[in-house]
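Taking it in order: structure first as C-alpha cells, then the write-up.
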Amino acid sequence: MSLSLERWLPYRRPGTAPVRLRLFCFPFAGGGASAFQAWRNRLPADIELCAVQPPGREGRLSEPAFQSLPALLDAMEPVLVPLMNRPYVFLGYSMGARIALELARRLRMRGLPLPRGMILAAFEAPRARRRAPLHSLSDAELLQALGRYEGTPTEVLENRELMELLLPLMRADFAISEAPAFDAPALPCPFAVWGGVEDPHVSPSDLEPWREETTGGFDVRLFPGGHFFLRSAREQVLQTLREQLDSWVRPGDE
C-alpha cells in the first residue's frame, strides 16, 4: 500500500477472498476512520472495508484539516478512484454524507463507474438544509453547540487544552458539511437514507428530501437512538448494513 493510500485508508487490509465489493465509509465532523474500524470483522470476508481518514484527525493530526469541500475532494479523488475498479458502495455519516454525495457527483461528471448504492446517515439533504451554520460561530458559541451533540464527551469539552486542538478541526469540518448546495442532476444509483428516531438535529422529515437527489431506488430507515445511532444501535446498524450491501451486490455478482 502506498504511503498516500495508507494515510487515507489506514485500516484497509485486503483479505484473501476475492473482493465482491468495497465499502467506502466517510466519517462525521470531528471523527475519523476509527469510527468504522470494528466493522471490518463484522462484514463478510468478500467485502473490503475502506474507512476514509481525512487530514486533521487521528493518525493525520499533524496535517491541517481541509476547510473547503472542493479542495478535500481534489485531494481525495486521485487516491480513491483506482480502488473503484470493483463494485463499490459509499456510506457517509453526517458530514460524510455530504462528502459521499459530492464525490459521487464528480465521478458521474467524469464518466467513471458510480457506486452500486449510497448509504447516507444522520444528515439532512443539502438542498433542504435549514439549520443555522456552525462553522462561523465564536469559540464559546461553538463549544455550546458541541455540548448539544452526544459525540463529544463532557470531560473533553471541559478540557481546555484538548478543545484548543479540537475546535479548529470541528470548525473546518462544519465548513465542509455546511457548504452551499451545488446544483447537479440526480444520481442514478439507489439511496438508503438512515436516521435516528431521537436525533434532535436531523428529524425523519429532514431525510425525505434526499429522494430528490436520486432517480434510483430510495429507502428511509430509522434506528433507535440520537445523532450517533451508529454507536447506540450498533448491532442493528450492522445487520441492516449487511442486508443492504447484499441487496445491491450479491455474492457472485460482477
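Convention: chains lettered A, B, ... in C-alpha cells order; per-chain residue numbering from 1; ligands numbered from 1 as shown.
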Please provide as a ChimeraX atom specification all residues within 8 Å of range 84-92 of chain A, with the sequence filter that same-chain residues fewer than 4 positions apart are discarded (counting only C-alpha atoms).
/A:19-28,80,96-100,113,115-121,245,249,254
Report as number ranges by chain all protein, DNA and RNA residues lying within 12 Å of range 190-193 of chain A, evaluated on only C-alpha atoms, omitting residues in the same chain fewer than 4 positions from it.
A: 89-94, 97, 100-101, 104, 114-125, 186, 202-223, 240-241, 243-245, 247-248
Nearby residues (only C-alpha atoms) at most 10 Å from Gly31 in chain A, same-chain spacing under 6 positions excluded, as a PyMOL selection string
chain A and resi 53-54+56-58+93+95-96+151-152+169-170+173
Which residue, A:Pro168, A:Pro180, A:Pro78, A:Pro224, has the smallest gap to Arg129 in chain A when you use only C-alpha atoms?
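Checking each of A:Pro168, A:Pro180, A:Pro78, A:Pro224 against Arg129 in chain A, counting only C-alpha atoms, the winner is A:Pro180.
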Surrounding residues of range 5-13 of chain A excluding itself and chain neighbours under 2 positions, 9 Å, only C-alpha atoms, as an MDAnalysis selection string:
chainID A and resid 1:3 15 33:34 37 40 48:55 59:60 76 79:80
Contact residues around Ala172 in chain A with only C-alpha atoms at 10 Å, ignoring same-chain residues under 6 positions, as a ChimeraX atom specification:
/A:29-30,56,64-69,135-136,178
Expected file: the selected residues, N, CA and C atoms, as a PDB file, in the first residue's frame:
```pdb
ATOM      1  N   ALA A  29     -18.318  14.904  11.362  1.00  0.00           N
ATOM      2  CA  ALA A  29     -17.458  16.028  11.732  1.00  0.00           C
ATOM      3  C   ALA A  29     -16.697  15.711  13.011  1.00  0.00           C
ATOM      4  N   GLY A  30     -15.394  15.932  12.979  1.00  0.00           N
ATOM      5  CA  GLY A  30     -14.552  15.649  14.128  1.00  0.00           C
ATOM      6  C   GLY A  30     -14.147  14.202  14.248  1.00  0.00           C
ATOM      7  N   GLY A  56      -6.135  15.997   9.532  1.00  0.00           N
ATOM      8  CA  GLY A  56      -6.505  16.798  10.686  1.00  0.00           C
ATOM      9  C   GLY A  56      -7.014  16.028  11.876  1.00  0.00           C
ATOM     10  N   PRO A  64      -3.053  19.821   8.369  1.00  0.00           N
ATOM     11  CA  PRO A  64      -4.190  20.733   8.513  1.00  0.00           C
ATOM     12  C   PRO A  64      -5.455  20.148   7.887  1.00  0.00           C
ATOM     13  N   ALA A  65      -6.561  20.324   8.572  1.00  0.00           N
ATOM     14  CA  ALA A  65      -7.844  19.848   8.044  1.00  0.00           C
ATOM     15  C   ALA A  65      -8.298  20.751   6.900  1.00  0.00           C
ATOM     16  N   PHE A  66      -8.929  20.153   5.914  1.00  0.00           N
ATOM     17  CA  PHE A  66      -9.478  20.939   4.811  1.00  0.00           C
ATOM     18  C   PHE A  66     -10.688  21.734   5.293  1.00  0.00           C
ATOM     19  N   GLN A  67     -10.793  22.982   4.842  1.00  0.00           N
ATOM     20  CA  GLN A  67     -11.940  23.824   5.164  1.00  0.00           C
ATOM     21  C   GLN A  67     -12.845  24.035   3.962  1.00  0.00           C
ATOM     22  N   SER A  68     -12.448  23.487   2.825  1.00  0.00           N
ATOM     23  CA  SER A  68     -13.196  23.638   1.578  1.00  0.00           C
ATOM     24  C   SER A  68     -13.548  22.257   1.044  1.00  0.00           C
ATOM     25  N   LEU A  69     -14.818  22.052   0.744  1.00  0.00           N
ATOM     26  CA  LEU A  69     -15.254  20.770   0.199  1.00  0.00           C
ATOM     27  C   LEU A  69     -14.598  20.459  -1.142  1.00  0.00           C
ATOM     28  N   HIS A 135     -20.033  26.709  11.580  1.00  0.00           N
ATOM     29  CA  HIS A 135     -18.601  26.968  11.378  1.00  0.00           C
ATOM     30  C   HIS A 135     -18.216  28.421  11.609  1.00  0.00           C
ATOM     31  N   SER A 136     -19.191  29.339  11.534  1.00  0.00           N
ATOM     32  CA  SER A 136     -18.885  30.755  11.709  1.00  0.00           C
ATOM     33  C   SER A 136     -19.123  31.251  13.140  1.00  0.00           C
ATOM     34  N   GLU A 178     -21.427  22.245   5.744  1.00  0.00           N
ATOM     35  CA  GLU A 178     -22.380  23.343   5.557  1.00  0.00           C
ATOM     36  C   GLU A 178     -22.141  24.117   4.266  1.00  0.00           C
TER      37      GLU A 178
END
```
What gap, in Å, lies between CA of Ala233 in chain A and CA of Trp194 in chain A?
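Computing it gives 11.9 Å between the two atoms.
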Gap from CA of Asp199 in chain A to CA of Phe36 in chain A - Å, one decimal:
20.1 Å
Do you know which residues are at most 9 Å from Trp39 in chain A counting only C-alpha atoms, after dropping those on the same chain fewer than 4 positions away, and could you put them as a ChimeraX atom specification?
/A:35,43,49,238
Output file for the selection above: N, CA and C atoms, as a compact mmCIF listing (two decimals), in the first residue's frame:
```txt
# COMPACT_ATOMS: atom_id res chain seq x y z
N ALA A 35 -13.98 5.24 13.55
CA ALA A 35 -15.41 5.07 13.81
C ALA A 35 -15.96 3.81 13.15
N LEU A 43 -18.15 -7.87 8.85
CA LEU A 43 -18.65 -7.93 7.48
C LEU A 43 -18.16 -9.21 6.81
N LEU A 49 -13.51 -3.28 3.59
CA LEU A 49 -13.83 -2.03 4.25
C LEU A 49 -12.75 -1.00 3.95
N LEU A 238 -25.33 -2.78 11.90
CA LEU A 238 -24.52 -3.74 11.16
C LEU A 238 -25.37 -4.76 10.43
```
Per DSSP on the backbone, what are the strand (DSSP E) residues of range 25-253 of chain A, as a VMD selection string?
chain A and resid 25 to 26 47 to 51 88 to 93 117 to 121 191 to 196 218 to 223
